[in-house]
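start31.csv, holding CSV, C-alpha atoms:
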chain,number,residue,atom,x,y,z
A,1,MET,CA,-8.2,-4.5,-13.7
A,2,ASN,CA,-4.8,-3.4,-12.5
A,3,LEU,CA,-3.0,-6.4,-14.0
A,4,VAL,CA,-4.6,-6.0,-17.4
A,5,SER,CA,-4.0,-2.3,-17.3
A,6,ALA,CA,-0.3,-2.8,-16.5
A,7,ILE,CA,0.0,-5.3,-19.4
A,8,MET,CA,-1.8,-3.1,-21.8
A,9,PHE,CA,0.0,0.1,-20.8
A,10,PRO,CA,2.9,-0.1,-23.3
A,11,VAL,CA,0.3,-0.6,-26.2
A,12,ARG,CA,-1.9,2.2,-25.0
A,13,ALA,CA,1.1,4.5,-24.5
A,14,GLY,CA,2.3,3.7,-28.0
A,15,LEU,CA,-1.1,4.3,-29.6
A,16,ALA,CA,-1.6,7.5,-27.6
A,17,VAL,CA,1.8,8.9,-28.7
A,18,THR,CA,1.0,7.8,-32.3
A,19,ASP,CA,-2.4,9.5,-32.1
A,20,ALA,CA,-0.8,12.7,-30.7
A,21,ALA,CA,1.8,12.7,-33.5
A,22,LEU,CA,-1.0,12.2,-36.1
A,23,GLY,CA,-3.0,15.0,-34.5
A,24,VAL,CA,0.0,17.3,-34.6
A,25,ALA,CA,0.6,16.5,-38.3
A,26,GLU,CA,-3.1,16.9,-39.1
A,27,THR,CA,-3.2,20.3,-37.3
A,28,ALA,CA,0.0,21.4,-39.1
A,29,LEU,CA,-1.4,20.4,-42.5
A,30,ALA,CA,-4.8,22.1,-41.8
A,31,THR,CA,-3.0,25.3,-40.7
A,32,THR,CA,-0.7,25.3,-43.8
A,33,ARG,CA,-3.7,24.7,-46.0
A,34,LEU,CA,-5.5,27.6,-44.3
A,35,ALA,CA,-2.4,29.8,-44.7
A,36,LEU,CA,-2.0,29.0,-48.4
A,37,SER,CA,-5.6,29.4,-49.3
A,38,SER,CA,-6.0,32.8,-51.1
A,39,THR,CA,-9.6,33.2,-50.2
A,40,THR,CA,-8.9,32.6,-46.5
A,41,VAL,CA,-5.9,34.9,-46.5
A,42,THR,CA,-7.9,37.7,-47.9
A,43,SER,CA,-10.8,37.2,-45.5
A,44,VAL,CA,-8.7,36.7,-42.4
A,45,GLY,CA,-7.3,39.9,-40.9
A,46,ALA,CA,-4.1,40.5,-39.1
A,47,ALA,CA,-6.0,40.5,-35.8
A,48,THR,CA,-7.3,37.1,-36.5
A,49,LEU,CA,-3.9,35.7,-37.4
A,50,THR,CA,-2.3,37.1,-34.2
A,51,ASN,CA,-5.2,36.0,-32.0
A,52,SER,CA,-4.1,33.7,-29.1
A,53,ARG,CA,-6.5,31.1,-30.5
A,54,GLY,CA,-5.7,31.8,-34.1
A,55,PRO,CA,-3.9,29.5,-36.5
A,56,LEU,CA,-0.5,31.0,-36.2
A,57,GLN,CA,-0.5,30.8,-32.5
A,58,LEU,CA,-1.7,27.2,-32.8
A,59,VAL,CA,1.2,26.4,-35.1
A,60,GLN,CA,3.7,28.0,-32.7
A,61,GLN,CA,2.3,25.9,-29.8
A,62,VAL,CA,2.5,22.8,-31.9
A,63,ALA,CA,6.1,23.7,-32.9
A,64,ALA,CA,7.0,24.3,-29.2
A,65,LEU,CA,5.5,21.0,-28.1
A,66,ALA,CA,7.4,19.1,-30.9
A,67,SER,CA,10.7,20.9,-30.3
A,68,ASP,CA,13.7,18.7,-29.6
A,69,ASP,CA,13.9,19.7,-25.9
A,70,ARG,CA,10.3,18.7,-25.1
A,71,PRO,CA,9.1,15.2,-24.3
A,72,LEU,CA,6.9,15.0,-27.4
A,73,GLY,CA,9.7,16.1,-29.7
A,74,GLN,CA,12.1,13.7,-28.1
A,75,ALA,CA,9.6,10.9,-28.5
A,76,LEU,CA,9.1,11.7,-32.2
A,77,GLN,CA,12.8,12.0,-33.1
A,78,PRO,CA,14.2,9.3,-35.4
A,79,GLY,CA,15.4,6.4,-33.3
A,80,GLY,CA,13.5,7.9,-30.3
A,81,PRO,CA,11.1,6.1,-27.9
A,82,LEU,CA,8.2,6.0,-30.4
A,83,ASP,CA,10.4,4.5,-33.1
A,84,ARG,CA,11.8,1.9,-30.8
A,85,LEU,CA,8.3,1.2,-29.5
A,86,LEU,CA,6.8,0.7,-33.0
A,87,ALA,CA,9.9,-0.8,-34.7
A,88,PRO,CA,9.7,-4.3,-36.2
A,89,GLY,CA,10.5,-6.7,-33.4
A,90,GLY,CA,10.0,-3.9,-30.8
A,91,VAL,CA,7.8,-3.8,-27.8
A,92,VAL,CA,4.4,-3.5,-29.6
A,93,ASP,CA,5.4,-6.0,-32.2
A,94,ARG,CA,6.4,-8.6,-29.5
A,95,LEU,CA,3.2,-7.9,-27.6
A,96,THR,CA,0.8,-8.3,-30.5
A,97,SER,CA,2.6,-10.9,-32.7
A,98,ASP,CA,1.4,-14.4,-33.2
A,99,GLY,CA,2.4,-16.3,-30.0
A,100,GLY,CA,3.4,-13.1,-28.4
A,101,THR,CA,2.8,-11.9,-24.9
A,102,LEU,CA,-0.8,-10.8,-25.2
A,103,GLU,CA,-1.8,-14.0,-27.1
A,104,ARG,CA,-0.2,-16.1,-24.4
A,105,LEU,CA,-1.9,-14.1,-21.7
A,106,PHE,CA,-5.4,-14.4,-23.2
A,107,GLU,CA,-5.1,-17.9,-24.6
A,108,PRO,CA,-7.2,-20.7,-23.1
A,109,GLY,CA,-5.5,-21.7,-19.9
A,110,GLY,CA,-3.3,-18.6,-20.0
A,111,ALA,CA,-2.4,-16.3,-17.1
A,112,ILE,CA,-5.5,-14.2,-17.4
A,113,GLU,CA,-7.8,-17.2,-17.4
A,114,ARG,CA,-6.0,-18.7,-14.4
A,115,VAL,CA,-6.2,-15.4,-12.5
A,116,LEU,CA,-9.9,-15.0,-13.2
A,117,ALA,CA,-10.8,-18.7,-12.9
A,118,PRO,CA,-13.2,-19.9,-10.0
A,119,GLY,CA,-11.1,-20.4,-7.0
A,120,GLY,CA,-8.2,-18.6,-8.7
A,121,PRO,CA,-6.0,-15.9,-7.2
A,122,LEU,CA,-8.4,-13.0,-7.8
A,123,GLU,CA,-11.4,-14.9,-6.2
A,124,ARG,CA,-9.3,-15.8,-3.2
A,125,VAL,CA,-8.1,-12.2,-2.8
A,126,LEU,CA,-11.7,-10.9,-3.0
A,127,ALA,CA,-13.3,-13.7,-1.1
A,128,GLU,CA,-15.2,-13.1,2.1
A,129,ASP,CA,-12.7,-12.9,5.0
A,130,GLY,CA,-10.0,-12.8,2.3
A,131,PRO,CA,-7.0,-10.5,2.2
A,132,VAL,CA,-9.0,-7.5,0.9
A,133,ASP,CA,-11.8,-8.0,3.5
A,134,ARG,CA,-9.2,-8.2,6.3
A,135,LEU,CA,-7.3,-5.2,5.0
A,136,LEU,CA,-10.5,-3.0,4.8
A,137,SER,CA,-12.3,-4.4,7.9
A,138,GLN,CA,-13.3,-2.3,10.8
A,139,ASP,CA,-10.2,-1.8,13.0
A,140,GLY,CA,-8.2,-3.6,10.2
A,141,PRO,CA,-4.7,-2.7,9.1
A,142,LEU,CA,-5.7,0.1,6.8
A,143,GLU,CA,-8.0,1.7,9.4
A,144,ARG,CA,-5.3,1.4,12.1
A,145,LEU,CA,-2.8,2.9,9.7
A,146,LEU,CA,-5.0,5.9,8.8
A,147,ALA,CA,-6.6,6.5,12.3
A,148,PRO,CA,-5.8,9.8,14.0
A,149,GLY,CA,-2.6,9.6,16.0
A,150,ARG,CA,-1.6,6.2,14.5
A,151,LEU,CA,1.3,5.2,12.2
A,152,LEU,CA,0.7,7.5,9.2
A,153,ASP,CA,0.0,10.6,11.5
A,154,ARG,CA,3.2,9.8,13.5
A,155,LEU,CA,5.2,9.4,10.3
A,156,THR,CA,4.0,12.7,8.7
A,157,ALA,CA,3.7,14.7,11.9
A,158,GLU,CA,5.6,17.9,12.3
A,159,ASP,CA,9.2,17.0,13.3
A,160,GLY,CA,8.2,13.4,12.7
A,161,PRO,CA,10.4,10.7,11.2
A,162,LEU,CA,9.6,11.6,7.5
A,163,GLU,CA,10.2,15.3,8.1
A,164,ARG,CA,13.5,14.6,9.9
A,165,LEU,CA,14.6,12.3,7.1
A,166,THR,CA,13.8,14.8,4.3
A,167,ALA,CA,14.8,17.9,6.2
A,168,GLU,CA,17.7,20.1,5.2
A,169,ASP,CA,20.8,18.4,6.6
A,170,GLY,CA,18.6,15.3,7.3
A,171,ALA,CA,19.6,11.7,6.7
A,172,VAL,CA,18.5,11.7,3.0
A,173,GLU,CA,20.3,15.0,2.3
A,174,ARG,CA,23.5,13.7,4.0
A,175,LEU,CA,23.3,10.4,2.1
A,176,THR,CA,22.8,12.0,-1.4
A,177,LYS,CA,24.7,15.2,-1.2
A,178,LYS,CA,27.8,15.7,-3.3
A,179,ASP,CA,30.8,13.8,-1.7
A,180,GLY,CA,28.3,12.3,0.7
A,181,ILE,CA,28.0,8.7,1.8
A,182,VAL,CA,26.5,7.4,-1.5
A,183,ASP,CA,29.1,9.3,-3.6
A,184,LYS,CA,31.9,7.8,-1.4
A,185,ALA,CA,30.4,4.3,-1.7
A,186,LEU,CA,30.1,4.5,-5.5
A,187,ALA,CA,33.4,6.3,-6.1
A,188,GLU,CA,36.3,4.6,-7.7
A,189,ASN,CA,38.1,2.5,-5.1
A,190,GLY,CA,35.2,3.2,-2.7
A,191,ILE,CA,33.4,0.9,-0.4
A,192,LEU,CA,31.5,-1.0,-3.2
A,193,ASP,CA,34.7,-1.3,-5.3
A,194,THR,CA,36.5,-2.7,-2.3
A,195,LEU,CA,33.8,-5.1,-1.5
A,196,LEU,CA,33.2,-6.3,-5.0
A,197,ALA,CA,36.8,-6.2,-6.3
A,198,GLU,CA,38.6,-9.3,-7.4
A,199,ASP,CA,39.8,-11.1,-4.3
A,200,GLY,CA,37.9,-8.4,-2.3
A,201,ALA,CA,36.0,-8.8,0.9
A,202,PHE,CA,32.9,-10.3,-0.6
A,203,GLU,CA,34.8,-12.8,-2.7
A,204,ARG,CA,36.9,-13.8,0.3
A,205,LEU,CA,33.7,-14.2,2.3
A,206,ILE,CA,32.1,-16.7,-0.1
A,207,ALA,CA,35.3,-18.4,-1.3
A,208,GLU,CA,35.7,-22.1,-0.8
A,209,GLY,CA,37.0,-22.7,2.7
A,210,GLY,CA,36.4,-19.1,3.5
A,211,PRO,CA,34.6,-17.6,6.6
A,212,LEU,CA,31.1,-18.6,5.3
A,213,ASP,CA,32.2,-22.2,4.7
A,214,GLN,CA,33.8,-22.2,8.1
A,215,ILE,CA,30.7,-21.0,9.8
A,216,VAL,CA,28.6,-23.7,8.0
A,217,ALA,CA,31.2,-26.3,9.1
A,218,LEU,CA,31.1,-25.0,12.7
A,219,SER,CA,27.3,-25.2,12.8
A,220,GLU,CA,27.5,-28.8,11.6
A,221,THR,CA,30.1,-29.6,14.3
A,222,LEU,CA,27.9,-28.0,16.9
A,223,THR,CA,24.9,-30.0,15.7
A,224,ALA,CA,27.0,-33.2,16.0
A,225,LEU,CA,28.1,-32.2,19.5
A,226,ALA,CA,24.5,-31.7,20.7
A,227,PRO,CA,23.9,-35.5,21.6
A,228,ASN,CA,27.3,-35.7,23.4
A,229,LEU,CA,26.5,-32.6,25.4
A,230,GLN,CA,23.2,-34.1,26.3
A,231,ARG,CA,24.9,-37.3,27.6
A,232,MET,CA,27.5,-35.2,29.5
A,233,SER,CA,24.7,-33.3,31.1
A,234,THR,CA,23.1,-36.6,32.2
A,235,SER,CA,26.5,-37.8,33.6
A,236,ILE,CA,27.0,-34.5,35.5
A,237,ASP,CA,23.5,-34.9,37.1
A,238,LEU,CA,24.5,-38.5,38.1
A,239,LEU,CA,27.8,-37.2,39.6
A,240,GLN,CA,26.0,-34.5,41.5
A,241,GLU,CA,23.7,-37.2,43.0
A,242,THR,CA,26.8,-39.3,43.9
A,243,VAL,CA,28.5,-36.3,45.6
A,244,GLY,CA,25.3,-35.7,47.5
A,245,VAL,CA,25.3,-39.3,48.8
A,246,LEU,CA,29.0,-39.1,49.7
A,247,SER,CA,28.4,-35.8,51.5
A,248,ALA,CA,25.6,-37.4,53.5
A,249,ALA,CA,27.9,-40.3,54.5
A,250,VAL,CA,30.9,-38.1,55.4
A,251,GLY,CA,28.8,-36.0,57.8
A,252,PRO,CA,28.1,-38.9,60.4
A,253,LEU,CA,31.8,-40.0,60.1
A,254,GLY,CA,32.9,-36.5,61.0
A,255,ASP,CA,30.6,-36.5,64.0
A,256,LEU,CA,32.0,-39.9,65.1
A,257,ALA,CA,35.6,-38.7,64.8
A,258,GLY,CA,34.7,-35.7,67.0
A,259,ARG,CA,33.5,-38.0,69.8
A,260,LEU,CA,36.8,-40.0,70.0
A,261,PRO,CA,39.2,-39.1,72.8
A,262,GLY,CA,41.8,-36.6,71.9
A,263,ARG,CA,44.8,-38.9,72.7
A,264,TRP,CA,43.5,-41.4,70.1
A,265,LEU,CA,43.6,-38.7,67.5
A,266,LYS,CA,47.1,-37.5,68.5
A,267,SER,CA,48.7,-41.0,68.7
A,268,GLY,CA,47.0,-42.3,65.8
A,269,ARG,CA,46.0,-45.5,67.6
A,270,GLY,CA,43.6,-46.6,70.3
A,271,PRO,CA,44.4,-46.9,74.1
A,272,ASP,CA,47.0,-49.3,75.4
A,273,LEU,CA,45.3,-52.5,76.5
A,274,PRO,CA,46.8,-54.8,79.1
A,275,LEU,CA,48.6,-57.8,77.7
A,276,GLY,CA,47.8,-61.3,79.0
A,277,PRO,CA,50.0,-64.4,79.2
A,278,ALA,CA,52.1,-65.0,76.1
A,279,GLY,CA,51.6,-61.5,75.1
A,280,GLN,CA,47.9,-61.9,74.5
A,281,VAL,CA,45.6,-59.1,75.2

Serialized structure, structure tokens:
Amino acid sequence: MNLVSAIMFPVRAGLAVTDAALGVAETALATTRLALSSTTVTSVGAATLTNSRGPLQLVQQVAALASDDRPLGQALQPGGPLDRLLAPGGVVDRLTSDGGTLERLFEPGGAIERVLAPGGPLERVLAEDGPVDRLLSQDGPLERLLAPGRLLDRLTAEDGPLERLTAEDGAVERLTKKDGIVDKALAENGILDTLLAEDGAFERLIAEGGPLDQIVALSETLTALAPNLQRMSTSIDLLQETVGVLSAAVGPLGDLAGRLPGRWLKSGRGPDLPLGPAGQV
């Protein structure tokens, strides 16, 4: 499985490199033994020694593979990757030691058992109508991704997004070129330095009482205002209804005032009525 393969990869890599190193040493010893053997030297001609498949060519190839500038030679150098991988307390030692990573993974109730257990993650992933079924179903995400003219075709089409990104003078080239945006961002006193410097923009942003704290406080204030705003909205609705009633009452009063004689409106009082005895009307 992929999980087990990923876990076992360092061990397999270390064993493979060790095996390759042992193979190289064995070949070198066999070739040396062959070269030092008097009977072999007398029986093997110059043509055989210089043959592309002969022992001398094999020694040259092994020497080239184990040279300091080649990956195998760098892996075999003292203090190199192979030494660090197989050193006491190194990766392989920690993986295979008592109570180490592999033992914890494969112990009863460990991670591997939990993953493979009935109803566990692996069974749920591979279950009917599970994630894998949905991913691989007809007209599922994978089929839609790979269908002609769909997302993958559009991404990789001629003059598509991927080609424009990776083209000469494209976005990736502009970002990663010398003295480009990435260089400027990572340069001394650049954007990152400015952002992450002591008392810089990022530190001021997250400082106590800074903009971030103020935004949080403002959000709390707005949350507390919500009920008051709701009550104000209800009051405004009531006021609008009251204004509507008053408007309906003012309309008839205006019509009545329009029917009064003009002289009443000008004098501000009603018509003169005759007075009776003792000044009574």

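Atom CA of A:Ser137 lies 25.2 Å from atom CA of A:Ala157.
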
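One distance worth recording is that between atom CA of A:Leu196 and atom CA of A:Asp183, which is 16.2 Å.
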
Length of the atom CA of A:Gly80 to atom CA of A:Thr101 vector [Å]: 23.1 Å

Residues within 12 Å of A:Leu152, all atoms listed in the file, excluding chain neighbours under 5 positions, as a VMD selection string: chain A and resid 141 to 147 157 to 158 160 to 162

Model the absent atoms of stretch 214-225 of chain A so that all heavy atoms are present, and write the result as a compact mmCIF listing (two decimals), keeping the file's coordinate frame.
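To be explicit, this is the file written out as rebuild13.txt:
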# COMPACT_ATOMS: atom_id res chain seq x y z
N GLN A 214 33.43 -21.89 6.78
CA GLN A 214 33.80 -22.20 8.10
C GLN A 214 32.67 -22.14 9.12
O GLN A 214 32.52 -22.98 10.02
CB GLN A 214 34.99 -21.35 8.59
CG GLN A 214 36.28 -21.57 7.81
CD GLN A 214 37.34 -20.55 8.14
OE1 GLN A 214 37.20 -19.80 9.10
NE2 GLN A 214 38.41 -20.51 7.35
N ILE A 215 31.84 -21.12 8.93
CA ILE A 215 30.70 -21.00 9.80
C ILE A 215 29.71 -22.15 9.60
O ILE A 215 29.16 -22.71 10.56
CB ILE A 215 29.97 -19.64 9.51
CG1 ILE A 215 30.84 -18.47 9.99
CG2 ILE A 215 28.60 -19.58 10.19
CD1 ILE A 215 30.32 -17.11 9.60
N VAL A 216 29.51 -22.54 8.32
CA VAL A 216 28.60 -23.70 8.00
C VAL A 216 29.22 -24.95 8.68
O VAL A 216 28.51 -25.75 9.30
CB VAL A 216 28.46 -23.86 6.53
CG1 VAL A 216 27.71 -25.14 6.22
CG2 VAL A 216 27.71 -22.67 5.94
N ALA A 217 30.55 -25.16 8.53
CA ALA A 217 31.20 -26.30 9.10
C ALA A 217 31.06 -26.30 10.65
O ALA A 217 30.82 -27.34 11.29
CB ALA A 217 32.65 -26.40 8.71
N LEU A 218 31.24 -25.12 11.24
CA LEU A 218 31.10 -25.00 12.70
C LEU A 218 29.70 -25.33 13.14
O LEU A 218 29.50 -26.00 14.17
CB LEU A 218 31.50 -23.57 13.12
CG LEU A 218 31.40 -23.27 14.62
CD1 LEU A 218 32.33 -24.18 15.40
CD2 LEU A 218 31.72 -21.81 14.89
N SER A 219 28.71 -24.88 12.38
CA SER A 219 27.30 -25.20 12.80
C SER A 219 27.07 -26.69 12.68
O SER A 219 26.38 -27.26 13.53
CB SER A 219 26.36 -24.44 11.84
OG SER A 219 26.45 -24.91 10.51
N GLU A 220 27.66 -27.35 11.66
CA GLU A 220 27.50 -28.80 11.60
C GLU A 220 28.18 -29.49 12.75
O GLU A 220 27.66 -30.46 13.31
CB GLU A 220 28.09 -29.30 10.25
CG GLU A 220 27.32 -28.83 9.02
CD GLU A 220 28.01 -29.22 7.71
OE1 GLU A 220 29.15 -29.75 7.80
OE2 GLU A 220 27.42 -28.99 6.64
N THR A 221 29.37 -29.01 13.14
CA THR A 221 30.10 -29.60 14.30
C THR A 221 29.26 -29.41 15.57
O THR A 221 29.15 -30.34 16.38
CB THR A 221 31.46 -28.92 14.45
OG1 THR A 221 32.18 -29.07 13.23
CG2 THR A 221 32.23 -29.54 15.59
N LEU A 222 28.70 -28.22 15.75
CA LEU A 222 27.90 -28.00 16.90
C LEU A 222 26.65 -28.86 16.96
O LEU A 222 26.24 -29.35 18.02
CB LEU A 222 27.48 -26.49 16.99
CG LEU A 222 28.62 -25.49 17.24
CD1 LEU A 222 28.11 -24.07 17.15
CD2 LEU A 222 29.27 -25.74 18.59
N THR A 223 26.08 -29.08 15.77
CA THR A 223 24.90 -30.00 15.70
C THR A 223 25.31 -31.39 16.07
O THR A 223 24.56 -32.10 16.76
CB THR A 223 24.34 -29.94 14.26
OG1 THR A 223 24.01 -28.60 13.91
CG2 THR A 223 23.11 -30.80 14.16
N ALA A 224 26.51 -31.84 15.62
CA ALA A 224 27.00 -33.20 16.00
C ALA A 224 27.30 -33.29 17.46
O ALA A 224 27.19 -34.37 18.06
CB ALA A 224 28.19 -33.55 15.13
N LEU A 225 27.73 -32.17 18.09
CA LEU A 225 28.10 -32.20 19.50
C LEU A 225 26.86 -32.23 20.43
O LEU A 225 26.98 -32.58 21.60
CB LEU A 225 28.93 -30.96 19.85
CG LEU A 225 30.39 -30.99 19.41
CD1 LEU A 225 31.05 -29.65 19.72
CD2 LEU A 225 31.14 -32.12 20.11
